[in-house]
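Chemist: Attaching a single structure in structure tokens format; questions to follow.
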Amino acid sequence: MSRSEYETAARAAIAADDMDAFFDTYLQAYQTKTDKYVWGAVSDMARVLPDEISERLARVCAAAAPAASEHIRHGIKYLQESIVPSKYKTAVLDAIAADDMGRLCAEIVRVHQIAESSHMASDYALWHALFAKVRELPTETVERLARACALAFPTASEREQHSLLLLASTIAPTLPILVEERRAVLETLSNHHGRLSLFAIDSSLALAELASGRILSPEVVAVYRRGACERYQDSRVAEVARQCPEPVVNVGEQWADRALELACSSPGWHDLLAFATTATMGRPNAKWEKTGRALLAKVDSFDEKVLSLLELVGRPRTLPLRHRLAEDPGLNDEYDPFNANAVRGLLWLLTYRPPQPTTARILGGLVETSLRKIKGLGPRNPIANAGVYALSQVSGEAALGELARLAATVTYKGTLKLINVALETIAHALGLTRTQIEEMAVPAYGLTSVGTAEFAFGAASATVTVDGTKAVLCWFTSKPVKSVPAAVKRDHAEELKELEAAAKDIGKMLTAQVERLDRQFLERRTWDYPSWREYYIDHPLVGTIARRLLWTVDGVTCGYADGALRDVADNPVGGDVVELWHPLGRSTEEILAWRDWLECKNIRQPFKQTHREVYLLTDAERHTGTYSNRFAAHILRQHQFHALAAVRGWRNKLLLDADTSVPPPTRELPQWGVRAEYWVEGDRDDIGDVDITESGSYLRLRTDQVRFYPIDAPLNLANSAFHGGFHGSAEPLPLSDVPELVLSEVLRDVDLFVGVASIGNDPTWYDGGPNGRFADYWTDYSFGDLNQTAQTRRDLLTRLLPRLDIGHQCTVEDRFLHVRGTKHSYRIHLGSGNVLIDPNNRYLCIVPSARTTEPDSFLPFDGDRMLSVILSKALLLANDTKITDPTILSQLP
């Protein structure tokens, strides 16, 4: 039987006053598997039966229950609860019997108010049942009831007015009653997101407007569309969205507002944008592609216009949104989910067209913009995956270069997996390795020689020069000028835009290539000399990095200077096989000699190489045998650690305060057949209390052992919500069996995690954090023994100080940089950067700014921000009479 047949049979039983027949119909509906909601509709009919009939039905239920199965007894119990006598039901039925519409209106509103206040399922069920009863009244009676609602509206409270609007809109949606009042309520949604707001305003109001042939405002349509995109959507919200085909995309985002202008300009663009919103699947199928290609033929300048739209995706909203019941600071950073489908469709359509010079750059930028994290939510929108797909389908070196760059910078594992698959697929198709593809994919961005290029703009010109990991633009007319010449802005606007975009792209790619090369030490990579020169030393972009590193050619260590590869004695070097140089196994004399050579040539390395820390097996680790406690018992900020781990090639899951099994952070090294694990757990206090984010992830982690396993060994697992450690069947490798280079580089990673993410680095935690429970750890870390990175920093500062203007005021002793100011003497810890005032060890809180001041002196490598922080604090404290910051001055009597 269908739902309507069940409902017809139930009504017939009520009309015949046959409660046995009604009961049988209810049980059949309860047991049907074709419509799991039909029995609820039948039980709602029982809710509005007069009390005398309800009592007879209750007796039928009581007689049948003892012999029924457990499943049937559950259904009988629900029916019995539905027919409990209610004075509110009686009042409504009496008003219907008396044909008193004013009284009926008041009683129905009262039932709704009770349900809205109690939020109890039984009260809502009574409201829906009585509402259904009212809707069955004759048309003339319903119209009189709607007019009674209009008469009661002016003197009703705000909450009662909402009930009256709901009643009138549902029973008489097409009558011109309370129309302006209804539209006014709907318009209050116009700047809301949708999630919570649509719970407060019943969708019947919007459905009534649509049933009357009136359209909703674009802002209100957007709210319902966003609500319909929710995972757990309301069917009536979805119905409102379905009945609103216009506008083709939601208003309120910069790119969408521009797209609506296109839609109004021609039917072809309107139809194309409407079709783009249907891109709700993971990939376009053949039918979607066929329709898309046909629509593309009907629009002009598709590539130019769509690329200009995609550049605007993620820009600040033109219509800021808010939640009705809560503030959400990240709300306006999210993409509109309905519009996100349209963006996905436009990305797919773009793959059916030949690539333009800016296609790859815009797609790569869209991926990055979409992956920016929103606090408590994660990446802004999964549309990033569609951007990766589009890049994988676009031909040309530029798209391949963007994929290679993203592979080195993206940390969100879902998107990174897609990037890796795309690169592996391309490599396989070309018969190359993934590593070769990454090397070949790096574009020159217009650079004509290593690190430089010149561009003409009429009588003006510009040079691009690579400086570290950024590109510097300089302008010339008849002489150097500080800003872009007016003639260039006027006559060469598009070329200028492309040049400035290329300069930004150079910076992004340089950062990605530095990260890639810093991870090459464990790749066991060798190059034949001609390929290495092409993709590294002589490459216009990568050459700016490679020429600042040391290499070995046929076993001879060399660096690039004065136009050639040279050994430490400046003799030219050549050969056949090239490797990246690592200090492990090198003598102290060799390392120091190369440091002097680089300094003499004024070469600043892109990351630590000659100053790279080497981690050898300690006696304590020989004693423990299979694990290292060298970096145990630290407190790390989980989200900062998570980001660092991803950059360094580790796999890690954010730990949640939830009863679930999780693996430890791991780094797989297939070239060595080894997997490293760093055991961590969520931080809880002694009584089990925990600090978590809104999404349930721990704010802090406690660290434990570092272990190594065969790469194919089963993962260890731990419960994320409880202490108890990791457990698994695999046997760890003895540390003495781990290759020295693997041990050193993995422990260096872990040292980096602790050195950057430890709460001991935060100068504002001197009070011990929440309830002071981290006071001992903070003090021990902030002013305790130096780790290996800090020891390297100490050695470098000892060498650097004599060249600084403040060098005569500074000395390095043990764990501290001592600075003599005019007011006081200070000690800066070389690990944490925290400061003590002598002679009483009084703590001085100095919070470093995002941009630290570096000394006007040669630094041998990039990448050690703590070194910059320490030097910046030293410069400040050496001139303590010039300090103007009131927070610092209040601590310096």
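Chain lettering (A, B, ...) mirrors the order of the structure tokens, residue numbering begins at 1 for each chain separately, and ligand numbering begins at 1 in order of display.
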Based on DSSP run over this structure's backbone, return all residues of stretch 550-628 of chain A in strand (DSSP E or B), as a count of residues only.
Modeler: 21
Chemist: Within 6 Å of stretch 824-839 of chain A, counting only C-alpha atoms, which residues qualify if same-chain residues fewer than 3 places away don't, as a list in words?
Modeler: Asn761, Ser782, Phe783, Leu786, Ala790, Arg815, Phe816, Leu817, His818, Val819, Arg820, Gly821, Arg842, Tyr843, Leu844 and Ile870 of chain A
Chemist: Could those residues be written to a file, using N, CA and C atoms, as an mmCIF file, in the first residue's frame?
Modeler:
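Output contents, as saved in result.cif:
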```
data_model
loop_
_atom_site.group_PDB
_atom_site.id
_atom_site.type_symbol
_atom_site.label_atom_id
_atom_site.label_comp_id
_atom_site.auth_asym_id
_atom_site.auth_seq_id
_atom_site.Cartn_x
_atom_site.Cartn_y
_atom_site.Cartn_z
ATOM 1 N N ASN A 761 58.765 28.257 24.008
ATOM 2 C CA ASN A 761 59.237 29.369 23.181
ATOM 3 C C ASN A 761 58.382 30.609 23.324
ATOM 4 N N SER A 782 62.654 27.156 28.790
ATOM 5 C CA SER A 782 63.029 28.529 28.434
ATOM 6 C C SER A 782 64.460 28.868 28.795
ATOM 7 N N PHE A 783 64.976 28.250 29.869
ATOM 8 C CA PHE A 783 66.316 28.624 30.339
ATOM 9 C C PHE A 783 67.196 27.408 30.621
ATOM 10 N N LEU A 786 70.714 23.469 26.103
ATOM 11 C CA LEU A 786 70.479 23.743 24.692
ATOM 12 C C LEU A 786 70.368 22.453 23.901
ATOM 13 N N ALA A 790 70.137 24.808 18.949
ATOM 14 C CA ALA A 790 70.577 25.968 19.730
ATOM 15 C C ALA A 790 72.092 25.987 19.888
ATOM 16 N N ARG A 815 74.581 28.981 27.867
ATOM 17 C CA ARG A 815 73.271 28.898 27.211
ATOM 18 C C ARG A 815 72.739 30.261 26.778
ATOM 19 N N PHE A 816 73.481 31.337 27.024
ATOM 20 C CA PHE A 816 72.917 32.677 26.870
ATOM 21 C C PHE A 816 73.785 33.596 26.022
ATOM 22 N N LEU A 817 73.104 34.534 25.393
ATOM 23 C CA LEU A 817 73.755 35.695 24.808
ATOM 24 C C LEU A 817 73.608 36.823 25.834
ATOM 25 N N HIS A 818 74.706 37.278 26.384
ATOM 26 C CA HIS A 818 74.691 38.361 27.375
ATOM 27 C C HIS A 818 74.761 39.700 26.644
ATOM 28 N N VAL A 819 73.864 40.593 27.006
ATOM 29 C CA VAL A 819 73.790 41.914 26.371
ATOM 30 C C VAL A 819 73.863 42.981 27.465
ATOM 31 N N ARG A 820 74.802 43.949 27.318
ATOM 32 C CA ARG A 820 74.936 45.044 28.287
ATOM 33 C C ARG A 820 74.265 46.287 27.732
ATOM 34 N N GLY A 821 73.120 46.644 28.326
ATOM 35 C CA GLY A 821 72.451 47.875 27.962
ATOM 36 C C GLY A 821 72.868 48.992 28.898
ATOM 37 N N ARG A 842 65.348 38.352 36.812
ATOM 38 C CA ARG A 842 63.962 38.788 36.642
ATOM 39 C C ARG A 842 63.568 38.638 35.175
ATOM 40 N N TYR A 843 62.403 38.027 34.961
ATOM 41 C CA TYR A 843 61.973 37.740 33.588
ATOM 42 C C TYR A 843 61.514 39.007 32.890
ATOM 43 N N LEU A 844 61.914 39.154 31.620
ATOM 44 C CA LEU A 844 61.499 40.281 30.798
ATOM 45 C C LEU A 844 60.731 39.733 29.599
ATOM 46 N N ILE A 870 66.488 36.381 18.291
ATOM 47 C CA ILE A 870 67.516 36.649 19.302
ATOM 48 C C ILE A 870 68.314 37.898 18.937
#
```
Chemist: Which residue gives the smallest distance to A:Gly282 among A:Trp348, A:Trp594, A:Tyr224, A:Tyr560, with only C-alpha atoms counted?
Modeler: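 Ranked by minimum distance to A:Gly282, first place goes to A:Trp348.
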Chemist: Which of these, A:Ala41, A:Val223, A:Ala390, A:Ala46, has the shortest distance to A:Ile14 once you count only C-alpha atoms?
Modeler: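 Distance minimum relative to A:Ile14 lands on A:Ala46.
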Chemist: I'd like the neighbourhood of stretch 19-30 of chain A as a CSV table (one decimal) with N, CA, C and O atoms, in the first residue's frame, where a residue qualifies if any of its atoms comes within 6 Å (using only C-alpha atoms), though same-chain residues fewer than 6 positions away should be ignored.
Modeler:
```csv
chain,number,residue,atom,x,y,z
A,10,ALA,N,-7.1,4.8,7.2
A,10,ALA,CA,-7.3,5.3,8.6
A,10,ALA,C,-8.4,6.2,8.7
A,10,ALA,O,-9.2,6.2,9.7
A,13,ALA,N,-11.7,4.4,8.8
A,13,ALA,CA,-11.9,3.7,10.1
A,13,ALA,C,-12.4,4.7,11.1
A,13,ALA,O,-13.3,4.4,11.9
A,39,TRP,N,3.7,5.5,9.1
A,39,TRP,CA,3.1,5.2,10.4
A,39,TRP,C,3.0,6.4,11.3
A,39,TRP,O,2.1,6.6,12.1
A,57,LEU,N,-9.7,3.7,21.7
A,57,LEU,CA,-8.5,3.2,21.0
A,57,LEU,C,-7.4,2.8,22.0
A,57,LEU,O,-6.7,1.8,21.7
```
Chemist: Find the residues near stretch 311-322 of chain A: any atom within 7 Å, counting only C-alpha atoms, skip ones fewer than 2 places away on the same chain, and give them as a list in words.
Modeler: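 What passes the distance filter is Asn191, His192, His193, Gly252, Glu253, Gln254, Trp255, Leu307, Ser308, Leu309, Arg324, Glu327, Leu331, Asn332, Tyr335, Ile362 and Thr369 of chain A.
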Chemist: Within 12 Å of A:Leu517, counting only C-alpha atoms, which residues show up once you throw out same-chain ones fewer than 5 positions away? Write them as a list in words, please.
Modeler: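 Residues near the query, excluding close chain neighbours: Ala408, Thr435, Glu438, Glu439, Leu510, Thr511, Ala512, Leu522, Glu523, Arg525, Tyr536, Val542, Gly543, Ile545, Ala546, Arg548, Leu549, Leu550, Glu579, Leu580, Trp581, Gln605, Pro606, Phe607, Lys608, Gln609 and Arg648 of chain A.
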Chemist: I'd like the interatomic distance between atom CA of A:Ala564 and atom CA of A:Arg533, to a tenth of an Å.
Modeler: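 Going from atom CA of A:Ala564 over to atom CA of A:Arg533, I get 11.2 Å.
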Chemist: Show me, as a PyMOL selection string, the residues that have an atom within 6 Å of A:Arg700 when counting only C-alpha atoms, minus same-chain residues fewer than 2 positions from it.
Modeler: chain A and resi 636-638+683+698
Chemist: Would you mind exporting the chosen residues as a compact mmCIF listing (two decimals), in the first residue's frame, restricted to all heavy atoms?
Modeler:
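Dumped to out-v9.txt:
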```
# COMPACT_ATOMS: atom_id res chain seq x y z
N LEU A 636 53.86 20.56 23.12
CA LEU A 636 53.84 21.23 21.83
C LEU A 636 52.43 21.74 21.51
O LEU A 636 51.44 21.12 21.89
CB LEU A 636 54.27 20.28 20.70
CG LEU A 636 55.56 19.50 20.87
CD1 LEU A 636 55.85 18.71 19.60
CD2 LEU A 636 56.73 20.42 21.19
N ARG A 637 52.38 22.86 20.80
CA ARG A 637 51.09 23.32 20.25
C ARG A 637 50.74 22.39 19.09
O ARG A 637 51.47 22.33 18.10
CB ARG A 637 51.19 24.76 19.76
CG ARG A 637 51.63 25.77 20.81
CD ARG A 637 51.75 27.14 20.16
NE ARG A 637 52.48 28.08 21.00
CZ ARG A 637 53.80 28.20 21.01
NH1 ARG A 637 54.55 27.45 20.23
NH2 ARG A 637 54.39 29.08 21.80
N GLN A 638 49.61 21.71 19.22
CA GLN A 638 49.32 20.65 18.24
C GLN A 638 49.20 21.18 16.81
O GLN A 638 49.77 20.58 15.89
CB GLN A 638 48.02 19.90 18.58
CG GLN A 638 47.67 18.92 17.48
CD GLN A 638 46.58 17.95 17.76
OE1 GLN A 638 46.65 16.82 17.32
NE2 GLN A 638 45.56 18.34 18.49
N ASP A 683 47.24 16.37 25.43
CA ASP A 683 47.56 16.85 26.79
C ASP A 683 46.31 16.92 27.65
O ASP A 683 45.31 17.54 27.26
CB ASP A 683 48.20 18.24 26.70
CG ASP A 683 48.28 18.91 28.07
OD1 ASP A 683 48.92 18.33 28.95
OD2 ASP A 683 47.66 19.98 28.23
N TYR A 698 42.83 18.52 20.33
CA TYR A 698 43.64 19.00 21.44
C TYR A 698 44.40 20.26 21.05
O TYR A 698 44.92 20.36 19.94
CB TYR A 698 44.65 17.94 21.87
CG TYR A 698 44.06 16.70 22.50
CD1 TYR A 698 43.85 15.55 21.76
CD2 TYR A 698 43.72 16.68 23.85
CE1 TYR A 698 43.33 14.41 22.33
CE2 TYR A 698 43.19 15.54 24.43
CZ TYR A 698 42.99 14.40 23.67
OH TYR A 698 42.46 13.28 24.24
```
Chemist: Running DSSP on the backbone, which parts of stretch 67-230 of chain A land in alpha helix (DSSP H), as JSON, numbers by chain?
Modeler: {"A": [70, 71, 72, 73, 74, 75, 76, 77, 78, 79, 80, 81, 82, 87, 88, 89, 90, 91, 92, 93, 94, 95, 96, 97, 101, 102, 103, 104, 105, 106, 107, 108, 109, 110, 111, 112, 113, 114, 115, 116, 117, 118, 121, 122, 123, 124, 125, 126, 127, 128, 129, 130, 131, 132, 133, 134, 135, 139, 140, 141, 142, 143, 144, 145, 146, 147, 148, 149, 150, 151, 152, 158, 159, 160, 161, 162, 163, 164, 165, 166, 167, 168, 169, 170, 171, 179, 180, 181, 182, 183, 184, 185, 186, 187, 197, 198, 199, 200, 204, 205, 206, 207, 208, 209, 210, 211, 218, 219, 220, 221, 222, 223, 224, 225, 226, 227, 228]}
Chemist: Using only C-alpha atoms, which of A:Ala429, A:Val680, A:Ala9, A:Leu403 sits nearest A:Phe726?
Modeler: A:Val680
Chemist: Using only C-alpha atoms, which residues sit within 12 Å of A:Arg214 once same-chain residues fewer than 2 positions away are excluded, as a list in words?
Modeler: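 Here the qualifying residues turn out to be Pro173, Thr174, Pro176, Val179, Glu180, Arg182, Arg183, Leu205, Ala206, Leu207, Ala208, Glu209, Leu210, Ala211, Ser212, Leu216, Ser217, Gln243 and Cys244 of chain A.
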Chemist: Take the selection from the previous step and output its residues with N, CA and C atoms, as a PDB file, in the first residue's frame.
Modeler:
```pdb
ATOM      1  N   PRO A 173      -1.833  29.880   1.488  1.00  0.00           N
ATOM      2  CA  PRO A 173      -0.619  30.517   0.965  1.00  0.00           C
ATOM      3  C   PRO A 173      -0.870  31.510  -0.157  1.00  0.00           C
ATOM      4  N   THR A 174      -1.935  31.328  -0.916  1.00  0.00           N
ATOM      5  CA  THR A 174      -2.144  32.193  -2.078  1.00  0.00           C
ATOM      6  C   THR A 174      -3.060  33.378  -1.799  1.00  0.00           C
ATOM      7  N   PRO A 176      -4.099  36.985  -0.343  1.00  0.00           N
ATOM      8  CA  PRO A 176      -3.323  38.210  -0.047  1.00  0.00           C
ATOM      9  C   PRO A 176      -3.487  38.655   1.396  1.00  0.00           C
ATOM     10  N   VAL A 179       0.840  39.535   3.581  1.00  0.00           N
ATOM     11  CA  VAL A 179       1.919  39.357   2.599  1.00  0.00           C
ATOM     12  C   VAL A 179       3.129  40.229   2.943  1.00  0.00           C
ATOM     13  N   GLU A 180       2.903  41.521   3.176  1.00  0.00           N
ATOM     14  CA  GLU A 180       4.015  42.418   3.468  1.00  0.00           C
ATOM     15  C   GLU A 180       4.726  42.016   4.753  1.00  0.00           C
ATOM     16  N   ARG A 182       4.924  38.990   5.965  1.00  0.00           N
ATOM     17  CA  ARG A 182       5.682  37.770   5.676  1.00  0.00           C
ATOM     18  C   ARG A 182       6.984  38.092   4.952  1.00  0.00           C
ATOM     19  N   ARG A 183       6.915  38.972   3.960  1.00  0.00           N
ATOM     20  CA  ARG A 183       8.127  39.327   3.210  1.00  0.00           C
ATOM     21  C   ARG A 183       9.131  40.042   4.111  1.00  0.00           C
ATOM     22  N   LEU A 205       6.837  30.060   5.108  1.00  0.00           N
ATOM     23  CA  LEU A 205       6.697  31.451   4.696  1.00  0.00           C
ATOM     24  C   LEU A 205       7.230  31.639   3.275  1.00  0.00           C
ATOM     25  N   ALA A 206       8.413  31.066   3.009  1.00  0.00           N
ATOM     26  CA  ALA A 206       8.995  31.179   1.673  1.00  0.00           C
ATOM     27  C   ALA A 206       8.179  30.403   0.651  1.00  0.00           C
ATOM     28  N   LEU A 207       7.708  29.218   1.018  1.00  0.00           N
ATOM     29  CA  LEU A 207       6.905  28.408   0.105  1.00  0.00           C
ATOM     30  C   LEU A 207       5.595  29.104  -0.236  1.00  0.00           C
ATOM     31  N   ALA A 208       5.012  29.834   0.725  1.00  0.00           N
ATOM     32  CA  ALA A 208       3.786  30.576   0.457  1.00  0.00           C
ATOM     33  C   ALA A 208       4.035  31.672  -0.568  1.00  0.00           C
ATOM     34  N   GLU A 209       5.143  32.383  -0.441  1.00  0.00           N
ATOM     35  CA  GLU A 209       5.466  33.421  -1.410  1.00  0.00           C
ATOM     36  C   GLU A 209       5.616  32.836  -2.812  1.00  0.00           C
ATOM     37  N   LEU A 210       6.297  31.713  -2.905  1.00  0.00           N
ATOM     38  CA  LEU A 210       6.505  31.089  -4.212  1.00  0.00           C
ATOM     39  C   LEU A 210       5.193  30.564  -4.779  1.00  0.00           C
ATOM     40  N   ALA A 211       4.338  30.005  -3.899  1.00  0.00           N
ATOM     41  CA  ALA A 211       3.040  29.497  -4.356  1.00  0.00           C
ATOM     42  C   ALA A 211       2.163  30.628  -4.895  1.00  0.00           C
ATOM     43  N   SER A 212       2.372  31.845  -4.381  1.00  0.00           N
ATOM     44  CA  SER A 212       1.596  33.001  -4.829  1.00  0.00           C
ATOM     45  C   SER A 212       2.141  33.599  -6.120  1.00  0.00           C
ATOM     46  N   LEU A 216      11.443  35.505  -4.421  1.00  0.00           N
ATOM     47  CA  LEU A 216      12.185  35.939  -3.241  1.00  0.00           C
ATOM     48  C   LEU A 216      13.349  36.815  -3.679  1.00  0.00           C
ATOM     49  N   SER A 217      13.813  37.675  -2.810  1.00  0.00           N
ATOM     50  CA  SER A 217      14.962  38.523  -3.144  1.00  0.00           C
ATOM     51  C   SER A 217      16.203  37.660  -3.328  1.00  0.00           C
ATOM     52  N   GLN A 243      12.811  25.638  -6.130  1.00  0.00           N
ATOM     53  CA  GLN A 243      11.857  26.493  -6.823  1.00  0.00           C
ATOM     54  C   GLN A 243      12.429  27.877  -7.158  1.00  0.00           C
ATOM     55  N   CYS A 244      13.707  28.090  -6.866  1.00  0.00           N
ATOM     56  CA  CYS A 244      14.336  29.400  -7.117  1.00  0.00           C
ATOM     57  C   CYS A 244      15.501  29.244  -8.086  1.00  0.00           C
TER      58      CYS A 244
END
```
Chemist: Counting only C-alpha atoms, which residue out of A:Cys810, A:Ile603, A:Ile76, A:Ile635 sits closest to A:Phe858?
Modeler: A:Ile603
